>>> print(open('query_17.cif').read())   # mmCIF, C-alpha atoms
data_my_file
loop_
_atom_site.group_PDB
_atom_site.id
_atom_site.type_symbol
_atom_site.label_atom_id
_atom_site.label_comp_id
_atom_site.auth_asym_id
_atom_site.auth_seq_id
_atom_site.Cartn_x
_atom_site.Cartn_y
_atom_site.Cartn_z
ATOM 1 C CA MET A 115 1.528 9.548 -17.996
ATOM 2 C CA GLN A 116 -0.845 6.999 -16.485
ATOM 3 C CA ASN A 117 1.774 5.834 -13.979
ATOM 4 C CA HIS A 118 2.570 9.422 -13.047
ATOM 5 C CA LEU A 119 -1.135 10.148 -12.424
ATOM 6 C CA LYS A 120 -1.446 6.983 -10.334
ATOM 7 C CA LYS A 121 1.533 7.957 -8.169
ATOM 8 C CA LEU A 122 0.093 11.443 -7.738
ATOM 9 C CA LEU A 123 -3.319 10.170 -6.602
ATOM 10 C CA LEU A 124 -1.766 7.675 -4.187
ATOM 11 C CA GLY A 125 0.688 10.207 -2.742
ATOM 12 C CA GLU A 126 0.169 13.036 -0.277
ATOM 13 C CA GLN A 127 -1.674 15.130 -2.864
ATOM 14 C CA GLY A 128 -4.133 12.283 -3.347
ATOM 15 C CA LEU A 129 -4.673 12.102 0.415
ATOM 16 C CA VAL A 130 -5.506 15.793 0.521
ATOM 17 C CA VAL A 131 -8.023 15.285 -2.298
ATOM 18 C CA ILE A 132 -9.640 12.363 -0.438
ATOM 19 C CA PHE A 133 -9.806 14.420 2.751
ATOM 20 C CA ALA A 134 -11.315 17.424 0.941
ATOM 21 C CA LEU A 135 -13.938 15.234 -0.743
ATOM 22 C CA ALA A 136 -14.826 13.492 2.533
ATOM 23 C CA PHE A 137 -15.083 16.821 4.352
ATOM 24 C CA ALA A 138 -17.280 18.353 1.629
ATOM 25 C CA LEU A 139 -19.527 15.287 1.427
ATOM 26 C CA VAL A 140 -20.070 15.108 5.182
ATOM 27 C CA SER A 141 -20.624 18.885 5.380
ATOM 28 C CA VAL A 142 -23.485 18.613 2.888
ATOM 29 C CA MET A 143 -25.060 15.379 4.114
ATOM 30 C CA VAL A 144 -24.713 15.590 7.908
ATOM 31 C CA PRO A 145 -26.737 18.245 9.778
ATOM 32 C CA ASN A 146 -24.836 20.472 12.256
ATOM 33 C CA PHE A 147 -21.455 19.197 11.096
ATOM 34 C CA LEU A 148 -20.008 22.626 10.309
ATOM 35 C CA THR A 149 -21.049 24.282 13.578
ATOM 36 C CA GLU A 150 -18.257 25.714 15.730
ATOM 37 C CA ARG A 151 -19.254 23.465 18.627
ATOM 38 C CA ASN A 152 -19.030 20.335 16.472
ATOM 39 C CA MET A 153 -15.725 21.374 14.908
ATOM 40 C CA LEU A 154 -14.160 21.766 18.363
ATOM 41 C CA GLY A 155 -15.744 18.471 19.393
ATOM 42 C CA LEU A 156 -14.303 16.797 16.295
ATOM 43 C CA LEU A 157 -10.815 18.068 17.071
ATOM 44 C CA GLN A 158 -11.103 16.968 20.702
ATOM 45 C CA SER A 159 -12.300 13.524 19.633
ATOM 46 C CA VAL A 160 -9.129 12.917 17.576
ATOM 47 C CA VAL A 161 -6.712 14.082 20.278
ATOM 48 C CA THR A 162 -6.001 10.612 21.697
ATOM 49 C CA VAL A 163 -5.638 8.923 18.289
ATOM 50 C CA GLY A 164 -3.607 11.837 16.920
ATOM 51 C CA ILE A 165 -1.169 11.966 19.830
ATOM 52 C CA VAL A 166 -0.477 8.231 19.749
ATOM 53 C CA ALA A 167 -0.205 8.288 15.939
ATOM 54 C CA CYS A 168 2.767 10.691 16.229
ATOM 55 C CA THR A 169 4.978 7.871 17.495
ATOM 56 C CA MET A 170 3.130 4.910 15.955
ATOM 57 C CA MET A 171 4.303 6.485 12.695
ATOM 58 C CA PHE A 172 7.907 5.855 13.775
ATOM 59 C CA CYS A 173 7.131 2.260 14.851
ATOM 60 C CA LEU A 174 5.548 1.415 11.506
ATOM 61 C CA ALA A 175 8.241 3.253 9.555
ATOM 62 C CA ALA A 176 10.844 1.059 11.279
ATOM 63 C CA ARG A 177 8.915 -2.131 10.373
ATOM 64 C CA ASP A 178 7.501 -2.597 13.875
ATOM 65 C CA PHE A 179 4.063 -2.642 15.496
ATOM 66 C CA ASP A 180 2.826 -1.605 18.910
ATOM 67 C CA LEU A 181 -0.472 -3.178 19.931
ATOM 68 C CA SER A 182 -0.067 -2.157 23.581
ATOM 69 C CA VAL A 183 -0.814 1.547 23.088
ATOM 70 C CA GLY A 184 -4.448 1.374 24.238
ATOM 71 C CA SER A 185 -3.488 -0.435 27.433
ATOM 72 C CA ILE A 186 -0.660 2.028 28.138
ATOM 73 C CA VAL A 187 -3.041 4.966 27.682
ATOM 74 C CA ALA A 188 -5.518 3.461 30.161
ATOM 75 C CA PHE A 189 -2.774 2.445 32.617
ATOM 76 C CA ALA A 190 -1.088 5.862 32.495
ATOM 77 C CA GLY A 191 -4.414 7.588 33.108
ATOM 78 C CA MET A 192 -5.002 5.343 36.124
ATOM 79 C CA VAL A 193 -1.505 6.039 37.468
ATOM 80 C CA ALA A 194 -1.933 9.799 37.046
ATOM 81 C CA VAL A 195 -5.226 9.816 38.957
ATOM 82 C CA MET A 196 -4.154 7.412 41.715
ATOM 83 C CA ALA A 197 -0.768 9.089 42.247
ATOM 84 C CA SER A 198 -2.399 12.543 42.313
ATOM 85 C CA ASN A 199 -4.940 11.342 44.877
ATOM 86 C CA ALA A 200 -2.257 9.692 47.007
ATOM 87 C CA THR A 201 0.222 12.585 47.027
ATOM 88 C CA GLY A 202 -2.142 15.526 46.703
ATOM 89 C CA SER A 203 0.010 16.780 43.826
ATOM 90 C CA ILE A 204 -1.201 16.794 40.232
ATOM 91 C CA ILE A 205 2.356 17.396 38.987
ATOM 92 C CA LEU A 206 3.637 14.288 40.770
ATOM 93 C CA GLY A 207 0.707 12.305 39.396
ATOM 94 C CA ILE A 208 1.482 13.377 35.834
ATOM 95 C CA ALA A 209 5.200 12.694 36.325
ATOM 96 C CA ALA A 210 4.445 9.190 37.637
ATOM 97 C CA ALA A 211 2.251 8.496 34.602
ATOM 98 C CA LEU A 212 4.925 9.696 32.175
ATOM 99 C CA VAL A 213 7.603 7.566 33.845
ATOM 100 C CA CYS A 214 5.371 4.462 33.833
ATOM 101 C CA GLY A 215 4.502 4.937 30.163
ATOM 102 C CA ALA A 216 8.135 5.414 29.171
ATOM 103 C CA VAL A 217 9.206 2.356 31.207
ATOM 104 C CA VAL A 218 6.606 0.105 29.552
ATOM 105 C CA GLY A 219 7.703 1.368 26.132
ATOM 106 C CA PHE A 220 11.362 0.866 27.017
ATOM 107 C CA ILE A 221 10.664 -2.731 28.089
ATOM 108 C CA ASN A 222 8.874 -3.344 24.791
ATOM 109 C CA GLY A 223 11.870 -1.975 22.921
ATOM 110 C CA VAL A 224 14.431 -4.025 24.838
ATOM 111 C CA VAL A 225 12.505 -7.285 24.403
ATOM 112 C CA ILE A 226 12.062 -6.628 20.677
ATOM 113 C CA ALA A 227 15.544 -5.271 19.893
ATOM 114 C CA LYS A 228 17.749 -7.264 22.254
ATOM 115 C CA PHE A 229 15.866 -10.555 22.658
ATOM 116 C CA ARG A 230 14.681 -10.471 19.040
ATOM 117 C CA ILE A 231 11.075 -11.321 19.894
ATOM 118 C CA ASN A 232 8.582 -10.366 17.191
ATOM 119 C CA ALA A 233 7.070 -6.911 17.854
ATOM 120 C CA LEU A 234 3.555 -8.182 17.215
ATOM 121 C CA ILE A 235 3.852 -10.922 19.859
ATOM 122 C CA THR A 236 5.742 -8.745 22.346
ATOM 123 C CA THR A 237 3.268 -5.862 22.296
ATOM 124 C CA LEU A 238 0.293 -8.253 22.243
ATOM 125 C CA ALA A 239 1.629 -9.729 25.497
ATOM 126 C CA THR A 240 2.310 -6.273 26.948
ATOM 127 C CA MET A 241 -1.193 -5.190 25.997
ATOM 128 C CA GLN A 242 -2.632 -7.946 28.196
ATOM 129 C CA ILE A 243 -0.169 -7.455 31.054
ATOM 130 C CA VAL A 244 -0.561 -3.672 31.303
ATOM 131 C CA ARG A 245 -4.357 -3.815 31.015
ATOM 132 C CA GLY A 246 -4.320 -6.445 33.768
ATOM 133 C CA LEU A 247 -2.201 -4.173 35.986
ATOM 134 C CA ALA A 248 -4.677 -1.323 35.481
ATOM 135 C CA LEU A 249 -7.603 -3.570 36.396
ATOM 136 C CA ILE A 250 -5.824 -4.974 39.458
ATOM 137 C CA ALA A 251 -4.754 -1.544 40.728
ATOM 138 C CA SER A 252 -8.302 -0.202 40.477
ATOM 139 C CA ASP A 253 -10.088 -3.439 41.406
ATOM 140 C CA GLY A 254 -11.765 -3.192 38.019
ATOM 141 C CA ARG A 255 -13.541 0.077 38.823
ATOM 142 C CA ALA A 256 -13.182 3.665 37.729
ATOM 143 C CA VAL A 257 -11.129 5.797 40.128
ATOM 144 C CA GLY A 258 -12.504 9.258 40.871
ATOM 145 C CA ILE A 259 -10.344 12.387 40.940
ATOM 146 C CA ASN A 260 -10.032 14.117 44.314
ATOM 147 C CA ASP A 261 -8.632 17.437 43.125
ATOM 148 C CA PRO A 262 -11.008 19.322 40.761
ATOM 149 C CA ALA A 263 -7.969 21.157 39.350
ATOM 150 C CA PHE A 264 -7.107 17.906 37.513
ATOM 151 C CA PHE A 265 -10.135 18.527 35.294
ATOM 152 C CA ASN A 266 -8.602 21.807 34.101
ATOM 153 C CA ILE A 267 -5.911 19.914 32.195
ATOM 154 C CA ALA A 268 -8.522 19.073 29.557
ATOM 155 C CA LEU A 269 -11.075 21.840 30.219
ATOM 156 C CA SER A 270 -8.768 24.874 30.119
ATOM 157 C CA LYS A 271 -8.736 26.928 26.916
ATOM 158 C CA THR A 272 -6.287 29.220 25.140
ATOM 159 C CA PHE A 273 -7.759 31.607 22.556
ATOM 160 C CA GLY A 274 -11.009 29.675 22.900
ATOM 161 C CA ILE A 275 -9.436 26.360 21.920
ATOM 162 C CA PRO A 276 -9.166 23.511 24.503
ATOM 163 C CA SER A 277 -5.643 22.773 25.734
ATOM 164 C CA PRO A 278 -5.558 19.126 24.500
ATOM 165 C CA ILE A 279 -5.903 20.391 20.916
ATOM 166 C CA TRP A 280 -2.883 22.670 21.425
ATOM 167 C CA VAL A 281 -0.945 19.707 22.842
ATOM 168 C CA LEU A 282 -1.862 17.678 19.737
ATOM 169 C CA VAL A 283 -0.743 20.478 17.392
ATOM 170 C CA ALA A 284 2.538 20.872 19.299
ATOM 171 C CA LEU A 285 3.273 17.127 19.110
ATOM 172 C CA PHE A 286 2.468 17.064 15.391
ATOM 173 C CA ALA A 287 5.000 19.865 14.900
ATOM 174 C CA VAL A 288 7.682 18.304 17.140
ATOM 175 C CA PHE A 289 7.519 14.811 15.668
ATOM 176 C CA GLY A 290 7.195 16.154 12.139
ATOM 177 C CA PHE A 291 10.445 18.032 12.737
ATOM 178 C CA ILE A 292 12.091 14.929 14.254
ATOM 179 C CA LEU A 293 11.073 12.792 11.271
ATOM 180 C CA ASN A 294 12.184 15.214 8.570
ATOM 181 C CA ARG A 295 15.031 17.212 10.109
ATOM 182 C CA THR A 296 16.950 14.966 12.508
ATOM 183 C CA VAL A 297 19.356 12.040 12.252
ATOM 184 C CA PHE A 298 16.972 9.996 14.406
ATOM 185 C CA GLY A 299 14.176 10.437 11.859
ATOM 186 C CA LYS A 300 16.412 9.576 8.925
ATOM 187 C CA ASN A 301 17.735 6.516 10.764
ATOM 188 C CA THR A 302 14.185 5.358 11.470
ATOM 189 C CA LEU A 303 13.281 5.465 7.781
ATOM 190 C CA ALA A 304 16.581 3.812 6.851
ATOM 191 C CA ILE A 305 15.965 0.956 9.296
ATOM 192 C CA GLY A 306 12.496 0.426 7.855
ATOM 193 C CA GLY A 307 13.877 0.439 4.324
ATOM 194 C CA ASN A 308 16.700 -2.047 5.009
ATOM 195 C CA PRO A 309 17.727 -2.890 8.612
ATOM 196 C CA GLU A 310 20.871 -4.814 7.619
ATOM 197 C CA ALA A 311 22.137 -2.098 5.283
ATOM 198 C CA SER A 312 21.498 0.467 8.027
ATOM 199 C CA ARG A 313 23.544 -1.586 10.499
ATOM 200 C CA LEU A 314 26.408 -1.882 8.027
ATOM 201 C CA ALA A 315 26.237 1.881 7.484
ATOM 202 C CA GLY A 316 26.874 2.449 11.197
ATOM 203 C CA VAL A 317 23.317 2.977 12.488
ATOM 204 C CA ASP A 318 22.712 1.492 15.963
ATOM 205 C CA VAL A 319 19.538 -0.327 14.967
ATOM 206 C CA GLY A 320 18.852 -1.773 18.425
ATOM 207 C CA ALA A 321 19.202 1.540 20.268
ATOM 208 C CA THR A 322 17.031 3.318 17.706
ATOM 209 C CA ARG A 323 14.240 0.748 18.025
ATOM 210 C CA ILE A 324 14.384 0.937 21.831
ATOM 211 C CA ALA A 325 14.201 4.742 21.670
ATOM 212 C CA ILE A 326 11.167 4.554 19.341
ATOM 213 C CA PHE A 327 9.241 2.289 21.730
ATOM 214 C CA ALA A 328 10.239 4.355 24.771
ATOM 215 C CA LEU A 329 8.946 7.471 22.993
ATOM 216 C CA GLN A 330 5.782 5.564 22.096
ATOM 217 C CA GLY A 331 5.177 4.747 25.756
ATOM 218 C CA LEU A 332 5.878 8.330 26.847
ATOM 219 C CA VAL A 333 3.479 9.789 24.286
ATOM 220 C CA CYS A 334 0.813 7.227 25.239
ATOM 221 C CA ALA A 335 1.154 8.458 28.828
ATOM 222 C CA VAL A 336 0.537 12.046 27.676
ATOM 223 C CA ALA A 337 -2.605 10.846 25.887
ATOM 224 C CA GLY A 338 -3.646 8.886 28.997
ATOM 225 C CA VAL A 339 -3.376 11.911 31.287
ATOM 226 C CA LEU A 340 -5.417 14.070 28.903
ATOM 227 C CA LEU A 341 -8.026 11.329 28.481
ATOM 228 C CA ALA A 342 -8.377 10.802 32.244
ATOM 229 C CA SER A 343 -8.849 14.539 32.706
ATOM 230 C CA ARG A 344 -11.456 14.693 29.932
ATOM 231 C CA ILE A 345 -13.532 11.755 31.214
ATOM 232 C CA THR A 346 -13.030 12.987 34.827
ATOM 233 C CA SER A 347 -11.730 9.658 36.165
ATOM 234 C CA GLY A 348 -9.151 6.953 35.709
ATOM 235 C CA GLN A 349 -10.846 4.081 33.888
ATOM 236 C CA PRO A 350 -9.034 0.753 33.430
ATOM 237 C CA ASN A 351 -11.264 -0.157 30.476
ATOM 238 C CA SER A 352 -10.665 3.047 28.513
ATOM 239 C CA ALA A 353 -8.958 3.167 25.099
ATOM 240 C CA ILE A 354 -9.883 -0.415 24.171
ATOM 241 C CA GLY A 355 -9.265 -0.870 20.439
ATOM 242 C CA LEU A 356 -7.249 2.345 20.212
ATOM 243 C CA GLU A 357 -4.333 0.558 18.557
ATOM 244 C CA LEU A 358 -6.431 -0.358 15.510
ATOM 245 C CA SER A 359 -7.700 3.202 15.049
ATOM 246 C CA VAL A 360 -4.154 4.571 15.312
ATOM 247 C CA ILE A 361 -2.692 2.050 12.862
ATOM 248 C CA SER A 362 -5.582 2.701 10.455
ATOM 249 C CA ALA A 363 -4.961 6.455 10.620
ATOM 250 C CA CYS A 364 -1.228 6.021 10.016
ATOM 251 C CA VAL A 365 -1.640 3.648 7.079
ATOM 252 C CA LEU A 366 -4.370 5.853 5.584
ATOM 253 C CA GLY A 367 -1.856 8.672 5.909
ATOM 254 C CA GLY A 368 0.729 6.915 3.777
ATOM 255 C CA VAL A 369 2.895 5.212 6.425
ATOM 256 C CA SER A 370 4.019 1.952 4.837
ATOM 257 C CA LEU A 371 3.427 -1.341 6.636
ATOM 258 C CA ALA A 372 6.576 -2.544 4.872
ATOM 259 C CA GLY A 373 8.586 0.213 6.565
ATOM 260 C CA GLY A 374 10.766 2.996 5.241
ATOM 261 C CA ARG A 375 8.041 5.462 4.305
ATOM 262 C CA ALA A 376 6.228 7.986 6.522
ATOM 263 C CA SER A 377 4.919 11.535 6.406
ATOM 264 C CA MET A 378 3.587 13.630 9.277
ATOM 265 C CA ALA A 379 1.363 15.606 6.899
ATOM 266 C CA GLY A 380 -0.121 12.326 5.682
ATOM 267 C CA VAL A 381 -0.674 11.085 9.237
ATOM 268 C CA ILE A 382 -2.511 14.304 10.119
ATOM 269 C CA VAL A 383 -4.813 13.788 7.128
ATOM 270 C CA GLY A 384 -5.328 10.123 8.090
ATOM 271 C CA VAL A 385 -6.223 11.075 11.666
ATOM 272 C CA MET A 386 -8.704 13.681 10.438
ATOM 273 C CA ILE A 387 -10.350 11.250 7.991
ATOM 274 C CA MET A 388 -10.843 8.767 10.846
ATOM 275 C CA GLY A 389 -12.210 11.557 13.036
ATOM 276 C CA ILE A 390 -14.649 12.788 10.392
ATOM 277 C CA ALA A 391 -15.972 9.247 9.855
ATOM 278 C CA GLU A 392 -16.599 8.734 13.587
ATOM 279 C CA ASN A 393 -18.049 12.209 14.042
ATOM 280 C CA ALA A 394 -20.456 11.778 11.124
ATOM 281 C CA MET A 395 -21.640 8.404 12.443
ATOM 282 C CA ASN A 396 -22.305 9.926 15.871
ATOM 283 C CA LEU A 397 -24.202 12.901 14.410
ATOM 284 C CA LEU A 398 -26.312 10.516 12.327
ATOM 285 C CA ASN A 399 -26.997 8.410 15.455
ATOM 286 C CA ILE A 400 -25.625 5.265 13.855
ATOM 287 C CA PRO A 401 -25.588 2.499 16.514
ATOM 288 C CA ALA A 402 -22.196 1.589 17.977
ATOM 289 C CA PHE A 403 -22.503 -1.979 16.659
ATOM 290 C CA TYR A 404 -22.507 -0.714 13.059
ATOM 291 C CA GLN A 405 -19.599 1.620 13.795
ATOM 292 C CA TYR A 406 -17.395 -1.420 14.419
ATOM 293 C CA ILE A 407 -18.123 -2.559 10.850
ATOM 294 C CA VAL A 408 -17.208 0.862 9.444
ATOM 295 C CA ARG A 409 -13.914 0.899 11.393
ATOM 296 C CA GLY A 410 -13.086 -2.558 10.042
ATOM 297 C CA VAL A 411 -13.829 -1.468 6.478
ATOM 298 C CA ILE A 412 -11.619 1.617 6.925
ATOM 299 C CA LEU A 413 -8.762 -0.595 8.175
ATOM 300 C CA LEU A 414 -9.110 -2.888 5.139
ATOM 301 C CA LEU A 415 -9.178 0.107 2.795
ATOM 302 C CA ALA A 416 -6.078 1.512 4.507
ATOM 303 C CA VAL A 417 -4.163 -1.727 3.908
ATOM 304 C CA LEU A 418 -5.378 -1.831 0.294
ATOM 305 C CA LEU A 419 -4.168 1.744 -0.223
ATOM 306 C CA ASP A 420 -0.796 0.803 1.274
ATOM 307 C CA ASN A 421 -0.460 -2.052 -1.236
ATOM 308 C CA LEU A 422 -1.420 0.219 -4.124
ATOM 309 C CA ARG A 423 1.085 2.864 -3.000
ATOM 310 C CA SER A 424 3.853 0.260 -2.762
ATOM 311 C CA GLN A 425 3.080 -1.000 -6.269
ATOM 312 C CA ALA A 426 2.929 2.561 -7.651
ATOM 313 C CA LEU A 427 6.327 3.299 -6.140
ATOM 314 C CA GLY A 428 7.762 0.119 -7.618
ATOM 315 C CA ARG A 429 8.508 -1.502 -4.256
ATOM 316 C CA ARG A 430 6.668 -4.722 -5.023
#
>>> encode(input="query_17.cif", output="structure tokens")
Amino acid sequence: MQNHLKKLLLGEQGLVVIFALAFALVSVMVPNFLTERNMLGLLQSVVTVGIVACTMMFCLAARDFDLSVGSIVAFAGMVAVMASNATGSIILGIAAALVCGAVVGFINGVVIAKFRINALITTLATMQIVRGLALIASDGRAVGINDPAFFNIALSKTFGIPSPIWVLVALFAVFGFILNRTVFGKNTLAIGGNPEASRLAGVDVGATRIAIFALQGLVCAVAGVLLASRITSGQPNSAIGLELSVISACVLGGVSLAGGRASMAGVIVGVMIMGIAENAMNLLNIPAFYQYIVRGVILLLAVLLDNLRSQALGRR
């Protein structure tokens, strides 16, 4: 009975309880939290983390990491703005950003899967290289947007809700379906559970890992375009530290660092918990220096929860 209760609390139901308690606590203690304006602001603030978490979930589930996501987001935003300015076409600018993001992700995947370089080291190197490219291309300065229509990507609304939130919801639905209903999703979880057994069962482990990282780069580019539109410029120093927030959200949401376990519903809850924490700190005017400490504590708690879940499920 005790073990059953422990598994329940550490599973998806437990996550929902934690989220509900956090939401209720913040609603009571933080002024103006429940206003419509703040709720929309909260959802917009989690768009970048939420979008990138959709594919980071697959990376972690397959026993990999991607520390380059923040740099890819910044680089893709820069490419979108600079290409749009150069060609006079927003569509071409967005297409260029998507291609660049996918290419960086594909390179990560090839180096990791084919050259067997550790994912942590590979993406740490890519993080530096891609951020350097963004800084070089912009000479270290923000690049302004020539066409005001570029702003509408983030400012436009449907049924009163900003477009980036709809994009986030759509990606949650798409990648949730891919994880639960497709061979690719099942293969990802199988690889994370036991890569060698998956290979012997006929799964192309290398191709699957490359596809995961290429998707990660593509989705980071989507987040980069939306972010550039929202902050009205391409900024080479944007999205610094994003990778830690995304990994924290995923692990909070039940994605195992040991691989083989992931849930889109859990990731959504993890993203929202991270968003509520940041939103509450901003409403309470907590200085940014202290917010770093809170983020670090959340990351440690996420890893602790992952260990407890693994023990509850009998994996360790």
>>> atom_distance(input="query_17.cif", atom1="atom CA of Asn260 of chain A", atom2="atom CA of Ile205 of chain A")
13.9 Å
>>> residues_around(input="query_17.cif", residues="Met388 of chain A", least_positions_apart="6", cutoff="12 Å", atoms="all atoms listed in the file", output="MDAnalysis selection string")
chainID A and resid 132:133 136:137 156:157 159:161 163:164 167 356 358:367 381:382 394:395 405 408:413 415:416
>>> axis_aligned_box(input="query_17.cif", around="segment 195-201 of chain A", padding_each_side="4 Å", output="lines of an AutoDock Vina configuration file")
center_x = -2.5
center_y = 10.0
center_z = 43.0
size_x = 13.4
size_y = 13.2
size_z = 16.1
>>> closest_residue(input="query_17.cif", among="A:Ala325, A:Val369, A:Val193, A:Leu148", to="Cys214 of chain A", atoms="all atoms listed in the file")
A:Val193
>>> closest_residue(input="query_17.cif", among="A:Ile250, A:Ala335, A:Val224, A:Met378", to="Thr236 of chain A", atoms="all atoms listed in the file")
A:Val224
>>> decode(input="query_17.cif", residues="segment 143-158 of chain A", atoms="C-alpha atoms", output="PDB file, in the first residue's frame")
ATOM      1  CA  MET A 143      -0.013  35.012  -1.998  1.00  0.00           C
ATOM      2  CA  VAL A 144       0.889  37.001  -5.127  1.00  0.00           C
ATOM      3  CA  PRO A 145      -1.175  40.112  -5.965  1.00  0.00           C
ATOM      4  CA  ASN A 146      -2.537  40.400  -9.539  1.00  0.00           C
ATOM      5  CA  PHE A 147      -1.549  36.839 -10.401  1.00  0.00           C
ATOM      6  CA  LEU A 148      -5.014  35.749 -11.530  1.00  0.00           C
ATOM      7  CA  THR A 149      -5.689  38.751 -13.775  1.00  0.00           C
ATOM      8  CA  GLU A 150      -6.357  38.018 -17.449  1.00  0.00           C
ATOM      9  CA  ARG A 151      -3.399  40.172 -18.478  1.00  0.00           C
ATOM     10  CA  ASN A 152      -1.018  38.251 -16.215  1.00  0.00           C
ATOM     11  CA  MET A 153      -2.363  34.864 -17.296  1.00  0.00           C
ATOM     12  CA  LEU A 154      -1.697  35.715 -20.953  1.00  0.00           C
ATOM     13  CA  GLY A 155       1.706  37.076 -19.958  1.00  0.00           C
ATOM     14  CA  LEU A 156       2.459  33.854 -18.081  1.00  0.00           C
ATOM     15  CA  LEU A 157       1.571  31.734 -21.097  1.00  0.00           C
ATOM     16  CA  GLN A 158       3.660  33.933 -23.395  1.00  0.00           C
TER      17      GLN A 158
END
